[in-house]
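**Q** Please read through the structure below; I'll follow up with questions.
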Amino acid sequence: MAALVNPEKSLAGRPIQGGLRLPLPWLGTVPFLGYVALFLVLPAAIVVAGAFAGDHGPTLANLAALTQPYIVQSFVNSVVLSAASASIGAVAGAVLAYAVASGDPRGPVRRLVTAGCGVLSQFGGVTLAFAFIATIGGEGFITLWLQHHGINIYANGVWLYQLSGLTLVYAYFQIPLMVIVFLPALDSIRPQWREATASLGGASWHYWRYVAGPILAPAFLGCALLLFANAFSAYATAAALINQGGIIVPLQISNALSSEVGLAQANVASALALGMVLVVAAVTGLYTVLQRRTARWLP
Amino acid sequence: MNRRKARHLAIFRWTVLAIMAAFFLLPIAAMVEFATRGVGANAPRTLASFTAILSYPDLMGAIAASLELAAITALGALLLLLPTMIWIRLRVPGVARLVEVLCLAPLTIPAIVLVVGLAPIYQWININVSDSILTLALVYVILVLPFAYRALDLGLSGMDLRTLSEAARNLGAGWPTVMARVVVPNMWSAVLNACLLSVAVVLGEFTIANLLNFENLQVAISLLGRANAGVSIAVAVASLGFVFVLLVLLSFVGGRRTRTFRVM
Amino acid sequence: MVVVKLNATRGARWLLFAVALSVVAACGSTSNASSGGWGTATSASANGGINALVAAAKQEGQLNVIALPPDWANYGAIISDFEAKYGIKVNSANPNGSSQDEVNAVRAQAGTSRAPDVLDIGMAVALANTSLFAPYKVTEWSAIPDSQKEPGGLWYQDYGGYMSIGYDSSKFTITSVSDLLQPQFKGAVALNGDPTKANAALNGVMMASLANGGSLDNVGPGVNFFHELVQAGNFVPIQATTATVKNGTTPVVFDWDYLSEAHGTDVPTWKVFVPSNAVLGGYYAQAITKTAPDPAAARLWEEYLYSAAGQNLWLQGGARPVEMATMQAQGTLNQTYAAALPPVTGTPVFMSQSQATKAAQYLDANWAQAIAS
């Protein structure tokens with residue numbers, strides 16, 4: 001069968017003989033690229049242009065504002081927060097996805113968990129912050145229940161209102177997001193692979209280490225990157241939970257855009273956004289390097 | 001798989017599901033508990049916060065607008081992405097990396113900044129084309145790109161696209177038939193996931209609609225939430241429940257096409 | 001041949017999308033009713049009188065307001081009363097927006113039918129953006145004190161209050177600002193917003209400064225006070241909302257007295273304390289935008305707000321309306337609401353624009369460090 005249909009030399013791919021040598025394959029990507037250019041690249045370009053705009057023409061002063069220590073600190077905080085919540089979300093989400101995928105694909109558990117994850121992956125903002133405050137905040141019912149039993153989880157300060165607490169709250173939408181985007185990868189695992197490993201004498205850990213693991217690794221990394229970017233640009237939840245001090249970059253951006261005490265500088269906000277794009281670009285570059293190494297095993 | 005392994009797997013599954021259920025449902029329980037509180041230290045439980053939601057006149061219009069936006073966005077994203085991704089895999093693999101980066105880009109810029117760049121574009125659209133809230137679908141397709149791309153990419157990776165499409169083409173199928181009757185059924189769970197994510201993103205989207213002064217579901221909820229404390233939480237819980245039911249119903253679409261074997 | 005066929009199908013698909021988009025366009029409304037000259041009218045009498053204004057506003061049929069949450073100074077009741085009285089639909093956008101968000105929206109949406117018609121903004125933003133406003137003098141113009149309006153009618157103050165500490169009196173008693181440093185307030189004190197961003201929070205820090213030996217020109221003692229609060233573990237950095245107040249997570253909040261009063265509906269034992277040695281007042285201002293898509297409705301809204309009915313509704317919300325002195329003299333002030341205002345002893349002071357800017361710059365340089373624990 002393989003000899004009859006050689007994918008490298010099939011009829012459908014050959015350019016039209018004797019006609020105009022237009023890059024016809026490229027035309028197929030024009031609708032997508034055109035749409036994205038209009039509604040993503042153009043707004044982004046407007047924002048980037050704002051980063052270099054000043055009162056009297058182009059300037060680097062906005063970018064210079066990025067070197068201030070509290071802004072550098074906010075970038076560091078953002079990266080740490082995003083990396084931590086993406087790691088927790090990726091691992092816990094993958095485990096939960098496996099627990100769901102290994103069940104009946106048309107059963108109620110899968111439907112309910114998938115729908116629940118869909119809803120919760122977009123749940124955020126003031127209400128999510130409040131949900132956690134009401135659960136383990138200063139007057140949360142779990143906090144009070146633990147206090148009743150002699151355990152004070154806030155003996156050294158209320159960590160819920162610091163970065164560590166924010167990481168926990170972020171996990172609430174990161175884990176469901178991971179489940180949703182990673183589930184199709186798990187669905188592509190064939191039971192034959194497990195059987196083949198077993199028939200060759202391999203144990204479970206052989207299967208995961210040498211068969212399923214390498215095949216799932218690129219997908220896992222891709223989803224983890226998605227989670228990182230998701231956490232990095234999340235704003236509303238942090239604004240509700242840590243309203244003071246602008247400790248992560250989106251909060252700094254919000255201050256720069258919406259400050260009503262005379263400190264609003266829209267161009268600095270654009271510069272901060274440019275900084276964010278550069279950070280995610282760097283992380284994406286790292287991901288690409290990892291991707292090349294792990295994609296060796298794919299067909 | 002032998003019975004011991006099957007039992008181990010079952011124990012593992014149910015332990016994980018139980019722990020996760022506790023983690024995710026406790027905060028929701030806390031919200032419901034708060035929303036049913038009365039006013040004052042010893043007041044009895046009440047559903048007044050929930051019933052107050054129904055008296056808000058604009059909510060129905062906002063729900064309808066959001067549902068329409070969700071449908072348009074999901075279809076638009078699929079129509080934009082799926083043919084493009086298939087085309088790229090088959091004909092222009094060099095562009096794959098660029099498309100992947102472009103599809104991740106919407107997540108790198110926070111919505112509050114994206115609006116700064118979108119505002120002039122939307123100003124032009126609203127003055128010259130249409131002032132309807134449905135124009136938001138144009139930018140929502142961009143917002144769902146990261147999620148839809150990831151879902152569809154995994155689906156396409158899990159099938160031998162080239163062989164299947166060539167086989168179908170050799171048997172005389174045109175491209176629409178190849179896509180509709182060969183490719184999509186083989187990645188149905190991925191397509192459904194992409195739709196599910198799109199619907200969830202659109203129904204949960206707040207920032208862009210708010211800053212462009214459109215009233216979608218989340219904006220209506222936030223306005224309602226300033227009425228009083230109980231109502232603000234009650235309406236959030238109600239909205240979560242509403243979207244959850246919607247997504248469960250969505251999962252029943254094309255039910256026969258899911259595979260029948262379990263993942264091991 | 002293959003490729004041509006594919007492009008034809010793709011073309012058909014895009015044609016369908018374009019058709020769908022045009023259908024969407026057709027459904028959208030871009031009606032612009034003739035405004036009959038109200039777009040540039042500087043007073044009601046100048047363009048045919050109040051009845052003509054009412055008629056033109058009804059014909060426009062809608063009003064776009066922004067950043068007016070229902071629980072802010074009784075705006076919920078004001079909006080429903082206006083809608084019921086004139087049959088004009090009020091579209092309330094971005095309720096949690098700041099004053100800066102309001103002017104950002106005016107610029108970003110100029111020309112669309114959703115652009116804000118009227119603004120209720122803090123003084124700093126008002127003074128910096130007068131180029132966006134249309135001059136208009138309400139019928140009751142003379143009732144507004146001269147120092148509280150722009151002589152040409154570009155902006156005019158509407159209501160104000162004093163910076164206060166709202167608290168749950170069933171848990172605490174507060175007689176001075178420094179009480180808050182005591183151990184029983186652990187994890188209890190919140191500020192309404194970030195002072196580098198929100199006007200209310202800036203005034204909160206300034207009030208703390210005044211109570212701790214600072215002055216209107218020196219907000220340093222206030223920042224130090226909050227630093228000490230953080231060190232004592234008494235400060236919570238979360239955004240205080242009606243939900244967190246009712247839940248008990250933020251039982252003590254620095255906020256404008258009229259905003260604090262609103263918590264009384266959720267917590268019956270809520271009290272509002274204005275320190276006698278730090279009576280810091282602040283007013284907000286109204287303005288009509290030049291690019292208002294509903295100019296007659298916008299002007300009618302201002303006429304309504306500055307009539308006795310509107311001013312008394314603000315008074316009901318615990319705010320002090322700008323025409324209070326005149327209404328008191330004329331006997332149109334609602335005495336029940338006036339009596340319910342939180343008691344204030346001491347001399348009120350107000351920050352000037354330069355003092356507010358100076359305080360903001362000091363906070364920009366020092367607040368983040370002071371708050372970091």
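Residue numbering restarts at 1 for every chain of the structure tokens, chains are lettered A, B, ... in their displayed order, and ligands are numbered from 1 as they appear.
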Counting only C-alpha atoms, what is within 10 Å of Thr139 (chain C), bar same-chain residues fewer than 3 positions away, as a PyMOL selection string?

**A** chain C and resi 43-45+49-50+136+142-143+302-304+306-307

**Q** With a distance cut-off of 12 Å and only C-alpha atoms, select the neighbouring residues of Phe214 (chain B), excluding the residue or stretch itself and same-chain residues fewer than 2 positions from it, and output the selection as a PyMOL selection string.

**A** (chain B and resi 61-62+65-66+122+126+131-137+205-212+216-220) or (chain C and resi 64+66+91-94+105+109+112-116)

**Q** Report as a list in words the set of chain C residues whose atoms approach chain A to within 7 Å, with distances computed over only C-alpha atoms.

**A**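 Here is what falls inside 7 Å: Val2, Ser98, Ser99, Gln100, Asp101, Ala124, Val125, Gly193, Asp194, Thr196, Lys197, Ala198, Asn199, Gly233, Pro237, Ile238, Gln239, Gly248, Thr249, Thr357, Ala360, Trp367, Ala368 and Ile371 of chain C.
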
**Q** Output N, CA and C atoms for every residue in the selection just made, as a PDB file, in the first residue's frame.

**A**
```pdb
ATOM      1  N   VAL C   2      -6.902  20.705  -9.155  1.00  0.00           N
ATOM      2  CA  VAL C   2      -7.229  20.393  -7.758  1.00  0.00           C
ATOM      3  C   VAL C   2      -7.197  21.666  -6.918  1.00  0.00           C
ATOM      4  N   SER C  98     -12.693  53.481  36.902  1.00  0.00           N
ATOM      5  CA  SER C  98     -12.213  54.667  37.596  1.00  0.00           C
ATOM      6  C   SER C  98     -12.509  55.885  36.732  1.00  0.00           C
ATOM      7  N   SER C  99     -12.244  57.073  37.298  1.00  0.00           N
ATOM      8  CA  SER C  99     -12.484  58.296  36.535  1.00  0.00           C
ATOM      9  C   SER C  99     -11.638  58.312  35.267  1.00  0.00           C
ATOM     10  N   GLN C 100     -10.415  57.812  35.368  1.00  0.00           N
ATOM     11  CA  GLN C 100      -9.551  57.778  34.192  1.00  0.00           C
ATOM     12  C   GLN C 100     -10.129  56.857  33.134  1.00  0.00           C
ATOM     13  N   ASP C 101     -10.709  55.722  33.551  1.00  0.00           N
ATOM     14  CA  ASP C 101     -11.356  54.817  32.598  1.00  0.00           C
ATOM     15  C   ASP C 101     -12.472  55.540  31.869  1.00  0.00           C
ATOM     16  N   ALA C 124      -9.128  65.590  39.924  1.00  0.00           N
ATOM     17  CA  ALA C 124      -7.846  65.537  39.203  1.00  0.00           C
ATOM     18  C   ALA C 124      -8.084  65.231  37.730  1.00  0.00           C
ATOM     19  N   VAL C 125      -8.933  64.249  37.467  1.00  0.00           N
ATOM     20  CA  VAL C 125      -9.199  63.856  36.083  1.00  0.00           C
ATOM     21  C   VAL C 125     -10.001  64.933  35.363  1.00  0.00           C
ATOM     22  N   GLY C 193      -9.042  50.429  47.702  1.00  0.00           N
ATOM     23  CA  GLY C 193      -8.271  50.623  46.489  1.00  0.00           C
ATOM     24  C   GLY C 193      -6.807  50.891  46.772  1.00  0.00           C
ATOM     25  N   ASP C 194      -6.044  51.008  45.705  1.00  0.00           N
ATOM     26  CA  ASP C 194      -4.628  51.317  45.808  1.00  0.00           C
ATOM     27  C   ASP C 194      -4.484  52.829  45.657  1.00  0.00           C
ATOM     28  N   THR C 196      -2.194  54.701  44.679  1.00  0.00           N
ATOM     29  CA  THR C 196      -1.580  55.223  43.470  1.00  0.00           C
ATOM     30  C   THR C 196      -2.542  55.137  42.300  1.00  0.00           C
ATOM     31  N   LYS C 197      -3.688  54.557  42.526  1.00  0.00           N
ATOM     32  CA  LYS C 197      -4.643  54.377  41.445  1.00  0.00           C
ATOM     33  C   LYS C 197      -5.982  55.048  41.729  1.00  0.00           C
ATOM     34  N   ALA C 198      -6.485  54.875  42.954  1.00  0.00           N
ATOM     35  CA  ALA C 198      -7.850  55.299  43.250  1.00  0.00           C
ATOM     36  C   ALA C 198      -7.872  56.550  44.117  1.00  0.00           C
ATOM     37  N   ASN C 199      -8.776  57.452  43.753  1.00  0.00           N
ATOM     38  CA  ASN C 199      -8.927  58.720  44.452  1.00  0.00           C
ATOM     39  C   ASN C 199      -9.325  58.505  45.909  1.00  0.00           C
ATOM     40  N   GLY C 233       0.435  43.423  61.377  1.00  0.00           N
ATOM     41  CA  GLY C 233      -0.411  42.360  60.858  1.00  0.00           C
ATOM     42  C   GLY C 233      -1.876  42.744  60.810  1.00  0.00           C
ATOM     43  N   PRO C 237      -4.675  43.359  52.259  1.00  0.00           N
ATOM     44  CA  PRO C 237      -4.521  44.040  50.978  1.00  0.00           C
ATOM     45  C   PRO C 237      -5.630  43.753  49.975  1.00  0.00           C
ATOM     46  N   ILE C 238      -6.679  43.032  50.382  1.00  0.00           N
ATOM     47  CA  ILE C 238      -7.667  42.661  49.382  1.00  0.00           C
ATOM     48  C   ILE C 238      -8.573  43.839  49.059  1.00  0.00           C
ATOM     49  N   GLN C 239      -9.225  43.766  47.920  1.00  0.00           N
ATOM     50  CA  GLN C 239     -10.188  44.773  47.509  1.00  0.00           C
ATOM     51  C   GLN C 239     -11.431  44.618  48.377  1.00  0.00           C
ATOM     52  N   GLY C 248     -17.246  39.442  56.777  1.00  0.00           N
ATOM     53  CA  GLY C 248     -16.452  39.664  57.972  1.00  0.00           C
ATOM     54  C   GLY C 248     -14.960  39.673  57.724  1.00  0.00           C
ATOM     55  N   THR C 249     -14.549  39.577  56.463  1.00  0.00           N
ATOM     56  CA  THR C 249     -13.120  39.554  56.179  1.00  0.00           C
ATOM     57  C   THR C 249     -12.507  40.941  56.265  1.00  0.00           C
ATOM     58  N   THR C 357      -1.618  66.249  43.703  1.00  0.00           N
ATOM     59  CA  THR C 357      -0.568  65.756  42.800  1.00  0.00           C
ATOM     60  C   THR C 357       0.690  65.426  43.566  1.00  0.00           C
ATOM     61  N   ALA C 360       0.227  62.251  45.368  1.00  0.00           N
ATOM     62  CA  ALA C 360       0.246  61.104  44.453  1.00  0.00           C
ATOM     63  C   ALA C 360       1.681  60.739  44.079  1.00  0.00           C
ATOM     64  N   TRP C 367       4.763  53.958  48.194  1.00  0.00           N
ATOM     65  CA  TRP C 367       3.690  53.117  48.698  1.00  0.00           C
ATOM     66  C   TRP C 367       4.011  51.620  48.616  1.00  0.00           C
ATOM     67  N   ALA C 368       4.525  51.198  47.442  1.00  0.00           N
ATOM     68  CA  ALA C 368       4.743  49.753  47.258  1.00  0.00           C
ATOM     69  C   ALA C 368       5.666  49.198  48.329  1.00  0.00           C
ATOM     70  N   ILE C 371       3.995  48.953  51.801  1.00  0.00           N
ATOM     71  CA  ILE C 371       2.969  47.927  51.950  1.00  0.00           C
ATOM     72  C   ILE C 371       3.545  46.524  51.948  1.00  0.00           C
TER      73      ILE C 371
END
```

**Q** Calculated over only C-alpha atoms, which of the candidates B:Gly94, B:Gly174, B:Gly155, B:Gly225 has the smallest distance to chain A?

**A**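 Residue with the minimum atom-to-atom distance to chain A: B:Gly155.
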
**Q** Would you please give, as a VMD selection string, all residues of region 38-200 of chain B that DSSP assigns to helix (DSSP H, G or I) based on the backbone?

**A** chain B and resid 48 to 54 58 to 90 93 to 108 111 to 128 133 to 157 161 to 170 175 to 186 188 to 200

**Q** Tell me, as a list of chain:residue names, which residues lie within 9 Å of region 60-66 of chain A, counting only C-alpha atoms; anything in the same chain fewer than 6 positions away does not count.

**A**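 Near region 60-66 of chain A, the qualifying residues are A:Ala51, A:Phe52, A:Ala53, A:Gly54, A:Val72, A:Asn267, A:Val268, A:Ala269, A:Ser270, A:Ala271, A:Leu272, A:Leu274, A:Gly275.
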
**Q** Deliver the residues from the most recent selection as a file, using C-alpha atoms, as a PDB file, in the first residue's frame.

**A**
```pdb
ATOM      1  CA  ALA A  51       5.415  52.031  23.916  1.00  0.00           C
ATOM      2  CA  PHE A  52       7.704  54.274  21.925  1.00  0.00           C
ATOM      3  CA  ALA A  53       5.459  57.312  21.840  1.00  0.00           C
ATOM      4  CA  GLY A  54       6.113  60.371  23.919  1.00  0.00           C
ATOM      5  CA  VAL A  72      11.644  44.677  37.605  1.00  0.00           C
ATOM      6  CA  ASN A 267       2.483  54.834  27.069  1.00  0.00           C
ATOM      7  CA  VAL A 268       4.176  53.259  30.066  1.00  0.00           C
ATOM      8  CA  ALA A 269       1.347  50.710  30.057  1.00  0.00           C
ATOM      9  CA  SER A 270       2.191  49.958  26.419  1.00  0.00           C
ATOM     10  CA  ALA A 271       5.864  49.593  27.317  1.00  0.00           C
ATOM     11  CA  LEU A 272       4.978  47.178  30.119  1.00  0.00           C
ATOM     12  CA  LEU A 274       5.759  45.048  25.283  1.00  0.00           C
ATOM     13  CA  GLY A 275       7.892  43.738  28.126  1.00  0.00           C
TER      14      GLY A 275
END
```

**Q** Can you tell me, as a PyMOL selection string, what residues are no more than 12 Å from Ala203 (chain A) when counting only C-alpha atoms, ignoring any on the same chain fewer than 6 positions away?

**A** (chain A and resi 194-197+209-211) or (chain B and resi 1+5)

**Q** Env of Leu240 (chain B): 12 Å cut, atoms = only C-alpha atoms, seq-sep filter 6 positions within chain, self excluded. Answer as a short mmCIF file (atom, residue, chain, number, x, y, z; two decimals) with N, CA and C atoms, in the first residue's frame.

**A**
```cif
data_model
loop_
_atom_site.label_atom_id
_atom_site.label_comp_id
_atom_site.auth_asym_id
_atom_site.auth_seq_id
_atom_site.Cartn_x
_atom_site.Cartn_y
_atom_site.Cartn_z
N ALA A 115 -17.26 19.22 31.31
CA ALA A 115 -18.06 20.46 31.34
C ALA A 115 -17.64 21.31 32.53
N GLY A 116 -17.44 20.69 33.69
CA GLY A 116 -17.01 21.43 34.87
C GLY A 116 -15.68 22.12 34.63
N CYS A 117 -14.75 21.41 34.00
CA CYS A 117 -13.45 22.02 33.72
C CYS A 117 -13.60 23.16 32.73
N GLY A 118 -14.49 23.01 31.77
CA GLY A 118 -14.71 24.10 30.82
C GLY A 118 -15.17 25.35 31.52
N VAL A 119 -16.12 25.20 32.44
CA VAL A 119 -16.63 26.35 33.16
C VAL A 119 -15.57 26.96 34.06
N LEU A 120 -14.91 26.12 34.84
CA LEU A 120 -13.98 26.65 35.85
C LEU A 120 -12.71 27.20 35.23
N SER A 121 -12.36 26.76 34.01
CA SER A 121 -11.13 27.28 33.41
C SER A 121 -11.25 28.77 33.10
N GLN A 122 -12.48 29.26 32.97
CA GLN A 122 -12.68 30.68 32.68
C GLN A 122 -13.18 31.45 33.89
N PHE A 123 -13.25 30.81 35.03
CA PHE A 123 -13.77 31.43 36.23
C PHE A 123 -12.66 32.21 36.89
N GLY A 124 -12.87 33.47 37.10
CA GLY A 124 -11.81 34.24 37.73
C GLY A 124 -12.34 35.54 38.26
N THR A 127 -15.07 37.32 41.92
CA THR A 127 -15.84 36.24 42.54
C THR A 127 -14.96 35.05 42.89
N LEU A 128 -13.97 34.73 42.06
CA LEU A 128 -13.08 33.63 42.43
C LEU A 128 -12.29 34.00 43.68
N LEU B 25 -15.03 21.91 44.58
CA LEU B 25 -16.39 22.18 45.02
C LEU B 25 -16.47 22.95 46.32
N ILE B 28 -17.04 26.66 45.85
CA ILE B 28 -18.39 26.91 45.34
C ILE B 28 -19.40 26.74 46.47
N MET B 31 -19.42 29.82 48.39
CA MET B 31 -20.17 30.88 47.74
C MET B 31 -21.67 30.70 47.93
N VAL B 32 -22.13 29.45 47.79
CA VAL B 32 -23.57 29.21 47.96
C VAL B 32 -23.97 29.51 49.40
N ALA B 200 -16.85 28.37 26.41
CA ALA B 200 -16.52 28.76 27.78
C ALA B 200 -15.80 30.11 27.82
N LEU B 203 -18.37 32.94 27.02
CA LEU B 203 -19.33 33.19 28.09
C LEU B 203 -18.66 33.75 29.33
N GLY B 204 -17.34 33.53 29.45
CA GLY B 204 -16.64 34.04 30.62
C GLY B 204 -15.89 35.33 30.36
N LEU B 217 -22.85 38.89 28.98
CA LEU B 217 -23.31 38.23 30.21
C LEU B 217 -22.50 38.65 31.42
N GLN B 218 -21.17 38.61 31.31
CA GLN B 218 -20.34 38.91 32.47
C GLN B 218 -20.44 40.37 32.89
N ILE B 221 -23.58 40.72 34.75
CA ILE B 221 -23.39 40.14 36.09
C ILE B 221 -22.65 41.11 36.99
N ILE B 233 -22.73 37.43 44.66
CA ILE B 233 -22.25 36.05 44.69
C ILE B 233 -23.28 35.10 44.11
N ALA B 234 -24.56 35.37 44.39
CA ALA B 234 -25.61 34.49 43.86
C ALA B 234 -25.58 34.48 42.35
N LEU B 246 -25.00 24.16 30.01
CA LEU B 246 -24.82 24.36 28.58
C LEU B 246 -23.73 23.46 28.03
N LEU B 247 -22.60 23.40 28.74
CA LEU B 247 -21.48 22.59 28.25
C LEU B 247 -21.79 21.10 28.34
#
```

**Q** Can you tell me, as JSON, numbers by chain, what residues are no more than 9 Å from Ile142 (chain B) when counting only C-alpha atoms, ignoring any on the same chain fewer than 5 positions away?

**A** {"A": [35, 36, 39, 40], "B": [77, 103, 106, 137]}

**Q** Would you pick out the contacts of Ala292 (chain C) at 6 Å or less, using only C-alpha atoms, so that residues sharing its chain but fewer than 3 positions from it are not included, and give the list as number ranges by chain?

**A** C: 117, 289, 295

**Q** Name the closest residue to chain B among the candidates A:Gly285, A:Gly165, A:Pro214, A:Gly202; distances are taken between atoms, counting only C-alpha atoms.

**A**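 Going through A:Gly285, A:Gly165, A:Pro214, A:Gly202 one by one, the smallest distance to chain B is for A:Gly285.
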